[in-house]
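*Asks:* After the structure tokens below, expect a handful of questions from me.
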Amino acid sequence: MNSCQLSLQWQLLSVFIIFSISVTATNFNIPRLSPIRGSYFMDLQILSTDVSEDFQTFFYTQTLDHFNYRPESFSTFQQRYLINFKSWGGANANAPIFAYFGAEVPLDGDLDVIGFLTDNANRFNALLVYIEHRYYGKSIPFGSREEALKNASTIGYFNSAQAIADYAEILMYIKKKYQAEDSPVIVIGGSYGGMLAAWFRLKYPHAALGALASSAPILYFDDITPQNGYYSVVTKDFREASETCYQTIRESWSEIEKIASTPNGLLILSKQFRTCKPLQDSSELKDNLLSMYATAAQYNQPPRYPVSMVCGGIDGAPSQTDILGKIFAGVVAFKGNRSCYVNAPMNESETDVGWQWQTCSEIVIPIGIDNTTMFPPNPFNLSVFIDGCEAEYSGVHPRPHWVTTYYGGHDIKLILQRFASNIIFSNGLRYPYSSGGVLEDISDTVVAIHTVNGSHCLDILRANRSSDPDWLVKQRETELEIIEGWMSMYYADLKASKQIQTNGI
């Protein structure tokens with residue numbers, strides 16, 4: 001796009017990659033949601049090469065369009081799913097099925113990182129199913145990624161409603177194939193996948209007994225959540241880690257602008273922050289720093305705790321170090337020793353492309369920054385956002401109210417307390433998107449579990465006995481006990497139903 005001001009409002013904040021776009025007072029970015037981004041900070045020793053060997057890969061012939069009857073709607077594509085039979089108690093025992101909903105990444109990484117299913121399969125004698133989201137990984141309509149994404153006519157089938165209909169169709173197929181019609185299904189997802197899990201339970205209660213929706217910001221739509229919620233939590237995380245670190249970051253933005261406005265100021269900043277190529281605008285540096293702080297907060301998990309890493313670098317700099325020297329020390333502490341740190345060449349991933357479409361169509365999360373955070377004010381501007389999306393996608397208009405229209409969200413307790421059941425909303429309050437999560441119980445069976453020190457999707461990541469804090473162990477156990485309660489009630493109901501059928505009543 002030619003206009004920087006138009007592009008920045010809707011361009012993605014892809015955590016773990018460095019921005020090359022500018023954030024200005026009228027433009028902003030929507031952070032990604034994927035739980036497996038956090039694997040960057042995980043101890044690599046806990047990632048097992050044996051997990052994937054227990055899975056068998058299948059492809060389901062999936063319907064392109066579940067909601068229309070035009071001839072092209074009946075086109076199909078191959079959708080990938082994997083099954084782990086290792087612990088399953090079998091259909092005769094009505095043993096349960098745990099289904100993980102893939103989100104905005106290929107499914108491969110989830111098998112190593114998402115441990116809630118494999119860690120607890122033996123406890124439940126569960127069949128494990130992992131389903132890939134359409135348009136990601138190997139689940140691509142129209143024969144190729146290039147064809148699937150080439151225009152609005154082909155990419156238009158890429159949305160959450162189609163995705164959860166895919167999941168329903170595959171789960172029904174699996175239950176029928178393995179004669180497991182009476183096996184209860186628990187659906188599990190993290191972040192965007194957690195949103196899908198919760199929405200699935202609401203839309204397809206016959207297909208899932210319950211849902212574990214980890215770090216799912218289902219209320220960050222349509223101004224239900226204050227727009228500054230995300231960056232208010234990022235600020236809180238840093239301030240709780242270190243007041244001096246917070247103050248240094250808060251003061252650094254004006255210092256960057258002060259130096260940038262001087263002759264050769266951009267060259268000075270380029271040298272001080274060891275950029276990979278000379279800065280063309282101070283926004284390149286500010287975007288990079290904002291991305292780093294957001295990433296550290298979003299994936300602030302044990303054992304490394306990235307927020308503490310950044311603040312350790314900032315606060316640990318020699319006493320005579322100036323503000324920007326301290327900031328650079330935080331960058332090095334976070335990223336390690338490199339030849340350069342800012343505006344490095346990068347390749348756009350399929351997730352970057354896919355998430356950009358999703359946020360430009362229905363996942364319109366209005367994130368902005370007010371003057372109460374440690375960042376420069378940057379309000380969300382819906383008009384600019386819409387203009388940017390329409391320019392990128394040839395007139396496709398974002399639907400900022402569609403999520404709340406289709407799935408709900410406003411007055412959620414009033415609406416769901418007598419309608420919904422068997423959903424766990426889990427959140428760590430250090431996770432910036434928790435500001436858009438369900439943090440209070442809606443009913444006895446739609447419950448909120450949150451941990452003060454938790455971050456992004458920790459409860460569904462692989463358990464690590466050597467480093468998991470007690471509060472995380474307790475959180476997982478609470479979730480498991482709730483699921484066991486759902487199962488106990490289901491099996492009692494199933495038994496009563498079979499007795500009625502046997503007695504002919």
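Convention: chains lettered A, B, ... in structure tokens order; per-chain residue numbering from 1; ligands numbered from 1 as shown.
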I'd like to know which residues of stretch 267-495 of chain A are helix (DSSP H, G or I) (by DSSP, run on the backbone); could you write them as a PyMOL selection string?

*Replies:* chain A and resi 267-272+282-298+306-315+323-335+350-361+382-392+402-406+412-416+432-436+458-460+470-495

*Asks:* Considering only C-alpha atoms, tabulate each residue of stretch 113-214 of chain A that lies at most 7 Å from stretch 412-427 of chain A along with its nearest interatomic pair and the corresponding distance in Å to one decimal; arrange the rows by chain and ascending residue number and present them as a tab-separated table.

*Replies:*
residue	atom	partner	partner_atom	distance
A:Ala198	CA	A:Ile423	CA	6.6
A:Leu202	CA	A:Ala420	CA	6.6
A:Leu209	CA	A:Asn422	CA	7.0
A:Gly210	CA	A:Asn422	CA	4.7
A:Ala211	CA	A:Ile423	CA	4.8
A:Leu212	CA	A:Ile424	CA	4.8
A:Ala213	CA	A:Phe425	CA	5.0
A:Ser214	CA	A:Ser426	CA	4.8

*Asks:* Considering only C-alpha atoms, state which residue in the set A:Leu290, A:Ile164, A:Leu439, A:Val307 is at the smallest distance from A:Tyr231.

*Replies:*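 For A:Tyr231, the nearest of the given residues is A:Leu290.
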
*Asks:* Need to verify the contact set: A:Leu480, 12 Å, only C-alpha atoms, exclusion of same-chain residues closer than 3 positions in sequence. Can you return it as a list in words?

*Replies:* Phe116, Leu117, Asp119, Asn120, Ala121, Arg123, Phe124, Ile186, Gly210, Ala211, Leu212, Ile424, Ile449, Asp459, Ile460, Val473, Lys474, Gln475, Arg476, Glu477, Ile483, Glu484, Gly485, Trp486 and Met487 of chain A

*Asks:* Report as a PyMOL selection string all protein, DNA and RNA residues lying within 8 Å of stretch 69-78 of chain A, evaluated on only C-alpha atoms, omitting residues in the same chain fewer than 3 positions from it.

*Replies:* chain A and resi 59-66+138-143

*Asks:* Please produce a file of those selected residues containing all heavy atoms, as a CSV table (one decimal), in the first residue's frame.

*Replies:*
chain,number,residue,atom,x,y,z
A,59,PHE,N,-6.6,-37.5,6.7
A,59,PHE,CA,-7.1,-36.3,6.0
A,59,PHE,C,-8.6,-36.6,5.7
A,59,PHE,O,-9.0,-37.7,5.2
A,59,PHE,CB,-6.4,-36.1,4.6
A,59,PHE,CG,-5.0,-35.5,4.8
A,59,PHE,CD1,-3.9,-36.3,5.0
A,59,PHE,CD2,-4.9,-34.1,4.8
A,59,PHE,CE1,-2.7,-35.8,5.2
A,59,PHE,CE2,-3.6,-33.6,5.0
A,59,PHE,CZ,-2.5,-34.4,5.2
A,60,TYR,N,-9.4,-35.6,6.1
A,60,TYR,CA,-10.9,-35.7,5.9
A,60,TYR,C,-11.3,-34.9,4.7
A,60,TYR,O,-10.8,-33.8,4.5
A,60,TYR,CB,-11.6,-35.2,7.1
A,60,TYR,CG,-13.1,-35.3,7.1
A,60,TYR,CD1,-13.8,-36.5,7.2
A,60,TYR,CD2,-13.8,-34.1,6.8
A,60,TYR,CE1,-15.2,-36.5,7.1
A,60,TYR,CE2,-15.2,-34.1,6.8
A,60,TYR,CZ,-15.9,-35.3,6.9
A,60,TYR,OH,-17.2,-35.4,6.8
A,61,THR,N,-12.1,-35.5,3.8
A,61,THR,CA,-12.7,-34.7,2.7
A,61,THR,C,-13.7,-33.8,3.2
A,61,THR,O,-14.9,-34.1,3.4
A,61,THR,CB,-13.2,-35.7,1.6
A,61,THR,OG1,-12.2,-36.6,1.2
A,61,THR,CG2,-13.7,-34.9,0.4
A,62,GLN,N,-13.3,-32.5,3.3
A,62,GLN,CA,-14.1,-31.5,4.0
A,62,GLN,C,-14.9,-30.7,3.0
A,62,GLN,O,-14.4,-30.3,1.9
A,62,GLN,CB,-13.2,-30.6,4.8
A,62,GLN,CG,-13.9,-29.6,5.7
A,62,GLN,CD,-14.9,-30.3,6.7
A,62,GLN,OE1,-16.1,-30.4,6.5
A,62,GLN,NE2,-14.3,-30.7,7.9
A,63,THR,N,-16.1,-30.3,3.4
A,63,THR,CA,-16.9,-29.4,2.6
A,63,THR,C,-16.4,-28.0,2.6
A,63,THR,O,-16.1,-27.5,3.7
A,63,THR,CB,-18.4,-29.4,3.1
A,63,THR,OG1,-18.9,-30.8,3.2
A,63,THR,CG2,-19.3,-28.6,2.3
A,64,LEU,N,-16.3,-27.4,1.5
A,64,LEU,CA,-15.8,-26.0,1.4
A,64,LEU,C,-16.7,-25.0,2.1
A,64,LEU,O,-16.3,-24.2,2.9
A,64,LEU,CB,-15.6,-25.6,-0.1
A,64,LEU,CG,-15.2,-24.1,-0.3
A,64,LEU,CD1,-13.8,-23.9,0.3
A,64,LEU,CD2,-15.2,-23.8,-1.8
A,65,ASP,N,-18.0,-25.1,1.9
A,65,ASP,CA,-19.0,-24.1,2.4
A,65,ASP,C,-20.1,-24.9,3.0
A,65,ASP,O,-21.0,-25.5,2.4
A,65,ASP,CB,-19.5,-23.2,1.2
A,65,ASP,CG,-20.4,-22.1,1.7
A,65,ASP,OD1,-20.7,-22.0,2.9
A,65,ASP,OD2,-20.9,-21.4,0.9
A,66,HIS,N,-20.2,-24.8,4.4
A,66,HIS,CA,-21.2,-25.5,5.1
A,66,HIS,C,-22.6,-24.8,5.1
A,66,HIS,O,-23.6,-25.4,5.6
A,66,HIS,CB,-20.8,-25.7,6.6
A,66,HIS,CG,-19.5,-26.5,6.7
A,66,HIS,ND1,-19.5,-27.9,6.6
A,66,HIS,CD2,-18.2,-26.1,7.0
A,66,HIS,CE1,-18.3,-28.3,6.8
A,66,HIS,NE2,-17.5,-27.2,7.0
A,138,LYS,N,-1.5,-28.0,6.2
A,138,LYS,CA,-1.8,-28.8,5.1
A,138,LYS,C,-3.3,-28.9,4.7
A,138,LYS,O,-3.7,-29.7,4.0
A,138,LYS,CB,-1.3,-30.2,5.3
A,138,LYS,CG,0.2,-30.3,5.5
A,138,LYS,CD,0.8,-31.7,5.7
A,138,LYS,CE,2.3,-31.7,5.8
A,138,LYS,NZ,2.8,-33.1,6.0
A,139,SER,N,-4.1,-28.0,5.4
A,139,SER,CA,-5.5,-28.0,5.2
A,139,SER,C,-6.0,-26.8,4.3
A,139,SER,O,-6.7,-25.9,4.8
A,139,SER,CB,-6.2,-28.0,6.6
A,139,SER,OG,-5.8,-29.1,7.4
A,140,ILE,N,-5.5,-26.8,3.1
A,140,ILE,CA,-5.7,-25.7,2.2
A,140,ILE,C,-6.7,-26.0,1.1
A,140,ILE,O,-6.5,-26.9,0.3
A,140,ILE,CB,-4.3,-25.3,1.5
A,140,ILE,CG1,-3.2,-25.2,2.6
A,140,ILE,CG2,-4.5,-24.1,0.7
A,140,ILE,CD1,-3.5,-24.1,3.6
A,141,PRO,N,-7.8,-25.2,1.0
A,141,PRO,CA,-8.7,-25.4,-0.1
A,141,PRO,C,-8.1,-24.9,-1.4
A,141,PRO,O,-7.1,-24.3,-1.5
A,141,PRO,CB,-9.9,-24.5,0.3
A,141,PRO,CG,-9.7,-24.2,1.8
A,141,PRO,CD,-8.3,-24.3,2.0
A,142,PHE,N,-8.8,-25.3,-2.5
A,142,PHE,CA,-8.4,-24.9,-3.9
A,142,PHE,C,-7.1,-25.4,-4.3
A,142,PHE,O,-6.5,-24.8,-5.3
A,142,PHE,CB,-8.5,-23.3,-4.0
A,142,PHE,CG,-9.9,-22.8,-3.7
A,142,PHE,CD1,-10.1,-22.1,-2.5
A,142,PHE,CD2,-10.9,-22.9,-4.6
A,142,PHE,CE1,-11.4,-21.6,-2.2
A,142,PHE,CE2,-12.2,-22.4,-4.3
A,142,PHE,CZ,-12.4,-21.8,-3.1
A,143,GLY,N,-6.5,-26.4,-3.7
A,143,GLY,CA,-5.4,-27.0,-4.2
A,143,GLY,C,-4.0,-26.4,-3.9
A,143,GLY,O,-3.0,-27.2,-3.9
